Each structure stands twice: as structure tokens, then as C-alpha cells.
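A quick write-up on the structure given underneath.
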Amino acid sequence: MGHELHVVDAFTGFPFRGNPAAVCIMEGPAEPAWMQQVAGELKHSETAFLSPLPGGWDLRWFTPAQEVDLCGHATLASAFVLWETGREQPGSVIIFTTRSGTLTARRDGEWISLDFPAEPAGDAVPVPGLDRALGVTPVFIGRNRFDLLVELATASDVCDLDPDMNALAAIPARGIIVTAVSDLPDVDFVSRFFAPALGVPEDPVTGSAHCCLGPYWGKKLNKTELSGFQCSSRGGTVRVTLAGDRVILGGHAVRVFSGQLLV
């Protein structure tokens, strides 16, 4: 039996920008090994798998290499597909059951807003080999339960970065968030995200990283509403609103493919 399959560019209003995610809609739960094979075949940084639950949806995320605990862009893509295909009404709040608890998505004008847990970075920590892997000396290095957060001196340091992926893959973290204060109008900070250990050398626009970036830059800039630009080659914008131990991530989405998975 086949499954409905979509590809959505998330955190962008334009096709072939932002971060592409595959969304597979199933009638019920599937074996994790099969979901991992599908994600490996599709080779997007994340493939989302949706199956219906009473009052909501079960949602799981897989990179080409493994299942992950939290993913922003594939959640945004999933909500967008559920509205676009008529499975959810335009004004509905979508409830997802995930490995990071209950997450919700709602329409906010032209934006899609996701209610996610805040994942602030802890105090500065030494990380042997990180300077050499990045090729630049950080201003600050912190860590949350997923990732390293690395602040560099300037936005151009972040956007021009050309790290050693093999060296980064050896560092024990889900990923490395690299960031700096923005030099762009109407943008508070820039960032990039590298996760070669998960089979994702560079993720184009990483919603879950903004669960860390929002609290970090909110404190430094004394703001509760921020705009971040992830300056990968595809580029994308994430709006972040701080709400205590939660963050509201805002973005746009564009569907670029719909079809059927035949296996």
C-alpha cells in the first residue's frame, strides 16, 4: 500500500529556498526501520511521518541517518500539508504528539506559528578541537541538551564560514549552531547549523536551533520578539517570540511536490 508524500520548502515564501522537508502521511504507525529507510532514500535533512491520533497527529522526524527528538522545519511543513490537503481546517490548531512532548501549530495571518520548548544554552564550556574544526576563534561556546551554540564576532564570520566537516562530525553533539549579531536590516541575528554526525553536513534553515538562539539573543539584546536569518546557500527567515519556557517559531512554507510513495 502506498502513502501520500509531499515535499515542502519551509521557512521561506519562495520555492527552492528555505529548508526542504518530506512529509509522509500514513493511516497508522509504521516500523521505525521502514521510516529510516524512507528517510535515507529521500535524503532530505528531515522526513516527517504523520499518522492520525484522536484529536491530533503522531509526528516523528528522521534524518537520512537517524531519528531525532525535535525538528522545526519538518513540523512547519507537516502543518502546512495538513491544511493544504484539507485534513485540518484553516483556522484549526494542530496538535502533534512527538518525542519532545505536545507541539502545536496555528495560522497567524500569513505566518505559521509553532509552539515549541525553549532550549537555552548553558554556561560556556570548553570543546577541544572546535576552533580548528571551524577555522575561527569563537566569542562564546555554550551547550543545550541537543547542540553546541557558538557565537562568532561578526555576521560575515558566520556567513563565510567553511568548516572541516570531518572534524565537526567527531564533536559529541547533535549539531553545531554558529551565530552572530546581524548586520542586516530588520534581522536581529544570523546563524548556520551543521550536523554532519547525523548525515546532514549543513541544514539550510533549522527551526529547533532557534529554540536555543531565541533565548540567547533575547537576553543579549533585551528583546522578546526577534527575527533570525539562517545564511546558508538556500537561506531562510525564522521569527521567534519568547514565552517563558516556550518559544513561538514563525515561518512560511511552499509546497513543491506531491505524489505517492509506492512501498
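Residues are referred to by chain and number: the chain letter is A, B, ... according to the order shown in the C-alpha cells, the number counts from 1 in that chain, and ligands are numbered separately from 1 in the order shown.
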
Practice problem: Would you list, as a PyMOL selection string, the residues of region 33-257 of chain A that end up in helix (DSSP H, G or I) under DSSP run on this structure's backbone? | Solution: chain A and resi 33-42+72-84+130-134+155-159+165-169+196-198+210-221

List every residue of region 94-121 of chain A that has an atom at most 12 Å from any atom of region 7-19 of chain A, and for each one report the closest atom pair and its distance in Å to one decimal, counting only C-alpha atoms, with rows sorted by chain and then by increasing residue number, as a Markdown table.
| residue | atom | partner | partner_atom | distance |
| --- | --- | --- | --- | --- |
| A:Glu110 | CA | A:Gly13 | CA | 9.9 |
| A:Trp111 | CA | A:Phe11 | CA | 9.5 |
| A:Ile112 | CA | A:Phe11 | CA | 9.2 |
| A:Ser113 | CA | A:Phe11 | CA | 10.8 |
| A:Leu114 | CA | A:Phe11 | CA | 11.6 |

Output all heavy atoms of each residue in that selection to a file, as a PDB file, in the first residue's frame.
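As a result, out.pdb now contains:
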ATOM      1  N   GLU A 110      -0.404  35.535   7.596  1.00  0.00           N
ATOM      2  CA  GLU A 110       0.327  34.831   6.534  1.00  0.00           C
ATOM      3  C   GLU A 110       1.398  33.898   7.089  1.00  0.00           C
ATOM      4  O   GLU A 110       2.042  33.170   6.332  1.00  0.00           O
ATOM      5  CB  GLU A 110       0.974  35.853   5.595  1.00  0.00           C
ATOM      6  CG  GLU A 110      -0.036  36.712   4.824  1.00  0.00           C
ATOM      7  CD  GLU A 110       0.643  37.666   3.874  1.00  0.00           C
ATOM      8  OE1 GLU A 110       1.896  37.727   3.890  1.00  0.00           O
ATOM      9  OE2 GLU A 110      -0.073  38.342   3.110  1.00  0.00           O
ATOM     10  N   TRP A 111       1.587  33.917   8.390  1.00  0.00           N
ATOM     11  CA  TRP A 111       2.620  33.104   9.028  1.00  0.00           C
ATOM     12  C   TRP A 111       2.011  31.820   9.585  1.00  0.00           C
ATOM     13  O   TRP A 111       0.829  31.748   9.899  1.00  0.00           O
ATOM     14  CB  TRP A 111       3.294  33.872  10.157  1.00  0.00           C
ATOM     15  CG  TRP A 111       4.083  35.058   9.710  1.00  0.00           C
ATOM     16  CD1 TRP A 111       3.588  36.274   9.318  1.00  0.00           C
ATOM     17  CD2 TRP A 111       5.503  35.159   9.601  1.00  0.00           C
ATOM     18  NE1 TRP A 111       4.617  37.121   8.969  1.00  0.00           N
ATOM     19  CE2 TRP A 111       5.805  36.457   9.138  1.00  0.00           C
ATOM     20  CE3 TRP A 111       6.552  34.279   9.864  1.00  0.00           C
ATOM     21  CZ2 TRP A 111       7.110  36.898   8.929  1.00  0.00           C
ATOM     22  CZ3 TRP A 111       7.854  34.713   9.655  1.00  0.00           C
ATOM     23  CH2 TRP A 111       8.128  36.001   9.194  1.00  0.00           C
ATOM     24  N   ILE A 112       2.862  30.813   9.753  1.00  0.00           N
ATOM     25  CA  ILE A 112       2.543  29.628  10.535  1.00  0.00           C
ATOM     26  C   ILE A 112       3.359  29.726  11.822  1.00  0.00           C
ATOM     27  O   ILE A 112       4.575  29.945  11.779  1.00  0.00           O
ATOM     28  CB  ILE A 112       2.889  28.337   9.784  1.00  0.00           C
ATOM     29  CG1 ILE A 112       2.044  28.225   8.515  1.00  0.00           C
ATOM     30  CG2 ILE A 112       2.685  27.115  10.674  1.00  0.00           C
ATOM     31  CD1 ILE A 112       2.467  27.087   7.607  1.00  0.00           C
ATOM     32  N   SER A 113       2.685  29.575  12.972  1.00  0.00           N
ATOM     33  CA  SER A 113       3.354  29.680  14.265  1.00  0.00           C
ATOM     34  C   SER A 113       3.395  28.322  14.942  1.00  0.00           C
ATOM     35  O   SER A 113       2.373  27.628  15.026  1.00  0.00           O
ATOM     36  CB  SER A 113       2.637  30.691  15.166  1.00  0.00           C
ATOM     37  OG  SER A 113       2.768  32.000  14.655  1.00  0.00           O
ATOM     38  N   LEU A 114       4.564  27.943  15.434  1.00  0.00           N
ATOM     39  CA  LEU A 114       4.778  26.681  16.131  1.00  0.00           C
ATOM     40  C   LEU A 114       5.103  26.960  17.591  1.00  0.00           C
ATOM     41  O   LEU A 114       5.965  27.792  17.889  1.00  0.00           O
ATOM     42  CB  LEU A 114       5.945  25.910  15.507  1.00  0.00           C
ATOM     43  CG  LEU A 114       5.924  25.671  13.996  1.00  0.00           C
ATOM     44  CD1 LEU A 114       7.217  24.986  13.566  1.00  0.00           C
ATOM     45  CD2 LEU A 114       4.712  24.834  13.602  1.00  0.00           C
TER      46      LEU A 114
END

Quiz item: Leaving out Leu53 (chain A) and any residue of its chain fewer than 4 positions from it, which residues lie within 9 Å of it when counting only C-alpha atoms, given as a list in words?
Solution: Gly28, Trp57, Asp58, Phe96 and Thr97 of chain A

Can you write out the residues you just picked, keeping N, CA, C and O atoms, as a compact mmCIF listing (two decimals), in the first residue's frame?
# COMPACT_ATOMS: atom_id res chain seq x y z
N GLY A 28 -1.63 4.75 9.82
CA GLY A 28 -1.35 4.29 11.18
C GLY A 28 0.14 4.21 11.40
O GLY A 28 0.93 4.54 10.51
N TRP A 57 -2.25 14.39 15.80
CA TRP A 57 -1.39 13.61 14.91
C TRP A 57 -0.13 13.16 15.63
O TRP A 57 0.47 13.94 16.39
N ASP A 58 0.25 11.91 15.40
CA ASP A 58 1.56 11.44 15.82
C ASP A 58 2.57 11.92 14.78
O ASP A 58 2.34 11.79 13.58
N PHE A 96 0.34 18.03 17.71
CA PHE A 96 1.26 16.95 17.38
C PHE A 96 1.76 16.29 18.66
O PHE A 96 2.19 16.98 19.60
N THR A 97 1.76 14.98 18.67
CA THR A 97 2.38 14.21 19.74
C THR A 97 3.75 13.74 19.25
O THR A 97 3.84 13.06 18.22

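Between CA of Gly109 (chain A) and CA of Gly72 (chain A) the interatomic distance comes to 19.0 Å.
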
Quiz item: Do you know which residues are at most 7 Å from Pro196 (chain A) counting only C-alpha atoms, after dropping those on the same chain fewer than 5 positions away, and could you put them as a PyMOL selection string?
Solution: chain A and resi 165+168-169+201

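Going from CA of Leu130 (chain A) over to CA of Gly236 (chain A), you cover 25.6 Å.
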
Quiz item: Hey, what's within 9 Å of His3 (chain A) if we count only C-alpha atoms and toss same-chain stuff fewer than 2 positions away? As a PyMOL selection string, please?
Solution: chain A and resi 1+5+24-27+259-263

Given the selection you just returned, output its residues as a file containing N, CA, C and O atoms, formatted as an mmCIF file, in the first residue's frame.
data_model
loop_
_atom_site.group_PDB
_atom_site.id
_atom_site.type_symbol
_atom_site.label_atom_id
_atom_site.label_comp_id
_atom_site.auth_asym_id
_atom_site.auth_seq_id
_atom_site.Cartn_x
_atom_site.Cartn_y
_atom_site.Cartn_z
ATOM 1 N N MET A 1 0.838 -1.199 0.000
ATOM 2 C CA MET A 1 0.000 0.000 0.000
ATOM 3 C C MET A 1 0.870 1.244 0.000
ATOM 4 O O MET A 1 1.846 1.330 0.745
ATOM 5 N N LEU A 5 2.842 11.465 -0.202
ATOM 6 C CA LEU A 5 4.147 12.062 0.056
ATOM 7 C C LEU A 5 4.189 13.471 -0.512
ATOM 8 O O LEU A 5 3.739 13.709 -1.638
ATOM 9 N N CYS A 24 5.402 12.455 4.943
ATOM 10 C CA CYS A 24 4.755 11.205 4.572
ATOM 11 C C CYS A 24 3.540 11.011 5.481
ATOM 12 O O CYS A 24 3.683 10.981 6.713
ATOM 13 N N ILE A 25 2.358 10.903 4.884
ATOM 14 C CA ILE A 25 1.119 10.748 5.647
ATOM 15 C C ILE A 25 0.691 9.283 5.593
ATOM 16 O O ILE A 25 0.492 8.714 4.514
ATOM 17 N N MET A 26 0.540 8.673 6.777
ATOM 18 C CA MET A 26 0.234 7.257 6.882
ATOM 19 C C MET A 26 -1.120 7.079 7.562
ATOM 20 O O MET A 26 -1.589 7.960 8.282
ATOM 21 N N GLU A 27 -1.729 5.918 7.377
ATOM 22 C CA GLU A 27 -3.007 5.624 8.028
ATOM 23 C C GLU A 27 -2.821 5.191 9.471
ATOM 24 O O GLU A 27 -3.758 5.253 10.272
ATOM 25 N N GLY A 259 2.883 13.544 -4.293
ATOM 26 C CA GLY A 259 2.807 12.288 -5.030
ATOM 27 C C GLY A 259 2.528 11.126 -4.086
ATOM 28 O O GLY A 259 1.943 11.309 -3.017
ATOM 29 N N GLN A 260 2.959 9.948 -4.488
ATOM 30 C CA GLN A 260 2.707 8.753 -3.709
ATOM 31 C C GLN A 260 3.973 7.942 -3.567
ATOM 32 O O GLN A 260 4.713 7.714 -4.535
ATOM 33 N N LEU A 261 4.227 7.516 -2.329
ATOM 34 C CA LEU A 261 5.295 6.571 -2.052
ATOM 35 C C LEU A 261 4.730 5.173 -2.297
ATOM 36 O O LEU A 261 3.727 4.795 -1.711
ATOM 37 N N LEU A 262 5.334 4.409 -3.168
ATOM 38 C CA LEU A 262 4.739 3.168 -3.645
ATOM 39 C C LEU A 262 5.052 1.969 -2.781
ATOM 40 O O LEU A 262 4.522 0.870 -3.020
ATOM 41 N N VAL A 263 5.896 2.120 -1.779
ATOM 42 C CA VAL A 263 6.273 0.970 -0.930
ATOM 43 C C VAL A 263 5.945 1.232 0.522
ATOM 44 O O VAL A 263 5.769 2.379 0.938
#

Per-residue nearest contacts of region 164-231 of chain A to region 41-46 of chain A (8 Å; only C-alpha atoms) as JSON lines:
{"residue": "A:Gly199", "atom": "CA", "partner": "A:Ser45", "partner_atom": "CA", "distance": 7.8}
{"residue": "A:Val200", "atom": "CA", "partner": "A:Ser45", "partner_atom": "CA", "distance": 5.9}
{"residue": "A:Asp203", "atom": "CA", "partner": "A:Ser45", "partner_atom": "CA", "distance": 6.5}

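Take the candidates A:Val158, A:Val256, A:Ala197, A:Leu59 and check each one against His6 (chain A) using only C-alpha atoms; the shortest distance goes to A:Val256.
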
Practice problem: For Ala30 (chain A), work out the shell of residues within 10 Å, counting only C-alpha atoms and skipping chain neighbours fewer than 6 positions away, then give it as a PyMOL selection string. | Solution: chain A and resi 49-51

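Restricting the calculation to only C-alpha atoms, the smallest distance between Asp183 (chain A) and any of A:Leu198, A:Val81, A:Cys231, A:Val68 is found for A:Cys231.
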
Surrounding residues of Arg99 (chain A) excluding itself and chain neighbours under 3 positions, 12 Å, only C-alpha atoms, as a short mmCIF file (atom, residue, chain, number, x, y, z; two decimals) with N, CA, C and O atoms, in the first residue's frame:
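File part_33.cif, as written:
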data_model
loop_
_atom_site.label_atom_id
_atom_site.label_comp_id
_atom_site.auth_asym_id
_atom_site.auth_seq_id
_atom_site.Cartn_x
_atom_site.Cartn_y
_atom_site.Cartn_z
N ASP A 58 0.25 11.91 15.40
CA ASP A 58 1.56 11.44 15.82
C ASP A 58 2.57 11.92 14.78
O ASP A 58 2.34 11.79 13.58
N LEU A 59 3.68 12.48 15.25
CA LEU A 59 4.69 13.05 14.35
C LEU A 59 6.07 12.56 14.77
O LEU A 59 6.46 12.71 15.94
N ARG A 60 6.79 12.00 13.80
CA ARG A 60 8.17 11.58 14.04
C ARG A 60 9.05 12.13 12.92
O ARG A 60 8.60 12.31 11.79
N TRP A 61 10.32 12.39 13.27
CA TRP A 61 11.25 13.00 12.32
C TRP A 61 12.49 12.12 12.17
O TRP A 61 13.08 11.68 13.16
N PHE A 62 12.92 11.94 10.93
CA PHE A 62 14.12 11.14 10.65
C PHE A 62 15.04 11.91 9.70
O PHE A 62 14.58 12.42 8.66
N GLU A 67 16.69 8.84 13.72
CA GLU A 67 15.55 9.59 14.24
C GLU A 67 16.03 10.68 15.18
O GLU A 67 17.02 10.50 15.91
N VAL A 68 15.34 11.82 15.19
CA VAL A 68 15.72 12.93 16.05
C VAL A 68 14.56 13.29 16.96
O VAL A 68 13.40 12.94 16.72
N ASP A 69 14.88 14.02 18.04
CA ASP A 69 13.90 14.34 19.07
C ASP A 69 13.11 15.61 18.80
O ASP A 69 12.05 15.81 19.39
N LEU A 70 13.62 16.50 17.95
CA LEU A 70 12.93 17.76 17.71
C LEU A 70 13.35 18.31 16.35
O LEU A 70 14.54 18.34 16.04
N CYS A 71 12.37 18.76 15.57
CA CYS A 71 12.66 19.36 14.26
C CYS A 71 11.61 20.41 13.97
O CYS A 71 10.40 20.11 13.96
N PHE A 96 0.34 18.03 17.71
CA PHE A 96 1.26 16.95 17.38
C PHE A 96 1.76 16.29 18.66
O PHE A 96 2.19 16.98 19.60
N THR A 102 4.03 17.51 23.51
CA THR A 102 2.98 18.05 22.66
C THR A 102 3.44 19.37 22.04
O THR A 102 3.87 20.28 22.75
N LEU A 103 3.34 19.46 20.72
CA LEU A 103 3.65 20.67 19.97
C LEU A 103 2.40 21.09 19.21
O LEU A 103 1.61 20.24 18.80
N PRO A 117 9.29 23.94 22.82
CA PRO A 117 10.00 24.17 24.08
C PRO A 117 11.22 25.05 23.86
O PRO A 117 11.92 24.93 22.85
#

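Taking CA of Gly235 (chain A) and CA of Leu213 (chain A) as endpoints, the distance between them is 16.3 Å.
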
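Minimum atom-to-atom distances from A:Val136, A:Ala105, A:Val247, A:Leu226 to Cys212 (chain A) were compared using only C-alpha atoms, and the lowest value belongs to A:Val247.
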
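Closest approach to Asn166 (chain A) among A:Val150, A:Ala195, A:Val187, A:Ala124 is made by A:Ala195 (distances from only C-alpha atoms).
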
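When only C-alpha atoms are used to measure the gap to Lys223 (chain A), the shortest distance among A:Pro138, A:Asp188, A:Ile177, A:Leu76 belongs to A:Asp188.
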
Practice problem: Please run DSSP on the backbone and report, as a VMD selection string, all residues within region 4-201 of chain A that come out as strand (DSSP E or B). | Solution: chain A and resid 4 to 10 19 to 25 47 to 53 56 to 62 67 to 68 94 to 98 101 to 108 111 to 117 140 to 143 148 to 151 176 to 181 189 to 195 200 to 201

Those selected residues, please, written with C-alpha atoms and delivered as a compact mmCIF listing (two decimals), in the first residue's frame.
# COMPACT_ATOMS: atom_id res chain seq x y z
CA GLU A 4 0.87 10.15 0.34
CA LEU A 5 4.15 12.06 0.06
CA HIS A 6 4.85 15.80 -0.17
CA VAL A 7 7.96 17.98 -0.29
CA VAL A 8 7.68 21.44 1.26
CA ASP A 9 10.21 24.26 1.39
CA ALA A 10 9.92 25.62 4.94
CA ASN A 19 14.69 24.12 4.06
CA PRO A 20 13.05 21.25 2.14
CA ALA A 21 11.28 18.59 4.20
CA ALA A 22 9.46 15.48 3.06
CA VAL A 23 6.11 14.76 4.70
CA CYS A 24 4.75 11.21 4.57
CA ILE A 25 1.12 10.75 5.65
CA THR A 47 11.47 13.44 6.65
CA ALA A 48 8.33 13.79 8.79
CA PHE A 49 5.96 10.84 9.29
CA LEU A 50 2.37 11.63 10.27
CA SER A 51 -0.31 9.23 11.47
CA PRO A 52 -3.69 10.19 12.95
CA LEU A 53 -4.48 10.17 16.65
CA GLY A 56 -4.32 15.25 16.64
CA TRP A 57 -1.39 13.61 14.91
CA ASP A 58 1.56 11.44 15.82
CA LEU A 59 4.69 13.05 14.35
CA ARG A 60 8.17 11.58 14.04
CA TRP A 61 11.25 13.00 12.32
CA PHE A 62 14.12 11.14 10.65
CA GLU A 67 15.55 9.59 14.24
CA VAL A 68 15.72 12.93 16.05
CA ILE A 94 -3.00 21.32 15.01
CA ILE A 95 -1.79 19.16 17.90
CA PHE A 96 1.26 16.95 17.38
CA THR A 97 2.38 14.21 19.74
CA THR A 98 6.18 13.89 19.48
CA GLY A 101 6.02 16.27 24.03
CA THR A 102 2.98 18.05 22.66
CA LEU A 103 3.65 20.67 19.97
CA THR A 104 1.05 22.87 18.33
CA ALA A 105 0.77 24.79 15.08
CA ARG A 106 -1.62 27.58 14.14
CA ARG A 107 -2.10 30.14 11.39
CA ASP A 108 -1.07 33.68 12.30
CA TRP A 111 2.62 33.10 9.03
CA ILE A 112 2.54 29.63 10.54
CA SER A 113 3.35 29.68 14.27
CA LEU A 114 4.78 26.68 16.13
CA ASP A 115 4.70 26.38 19.94
CA PHE A 116 7.99 24.68 20.88
CA PRO A 117 10.00 24.17 24.08
CA PHE A 140 31.27 32.11 23.29
CA ILE A 141 30.56 28.37 23.36
CA GLY A 142 27.54 27.00 25.21
CA ARG A 143 25.56 23.76 25.12
CA LEU A 148 26.58 23.40 20.82
CA LEU A 149 25.92 27.13 20.47
CA VAL A 150 28.88 29.07 19.10
CA GLU A 151 28.91 32.86 18.86
CA ILE A 176 26.74 22.96 15.99
CA ILE A 177 24.80 26.24 15.88
CA VAL A 178 27.04 29.11 14.75
CA THR A 179 25.68 32.63 15.20
CA ALA A 180 26.45 36.35 15.40
CA VAL A 181 24.57 39.60 15.76
CA PHE A 189 20.91 37.67 14.39
CA VAL A 190 22.29 35.35 11.74
CA SER A 191 23.12 31.68 12.09
CA ARG A 192 24.13 28.45 10.41
CA PHE A 193 23.68 24.86 11.55
CA PHE A 194 25.99 21.90 10.96
CA ALA A 195 25.14 18.28 11.85
CA VAL A 200 23.34 16.49 7.47
CA PRO A 201 26.56 18.42 6.75
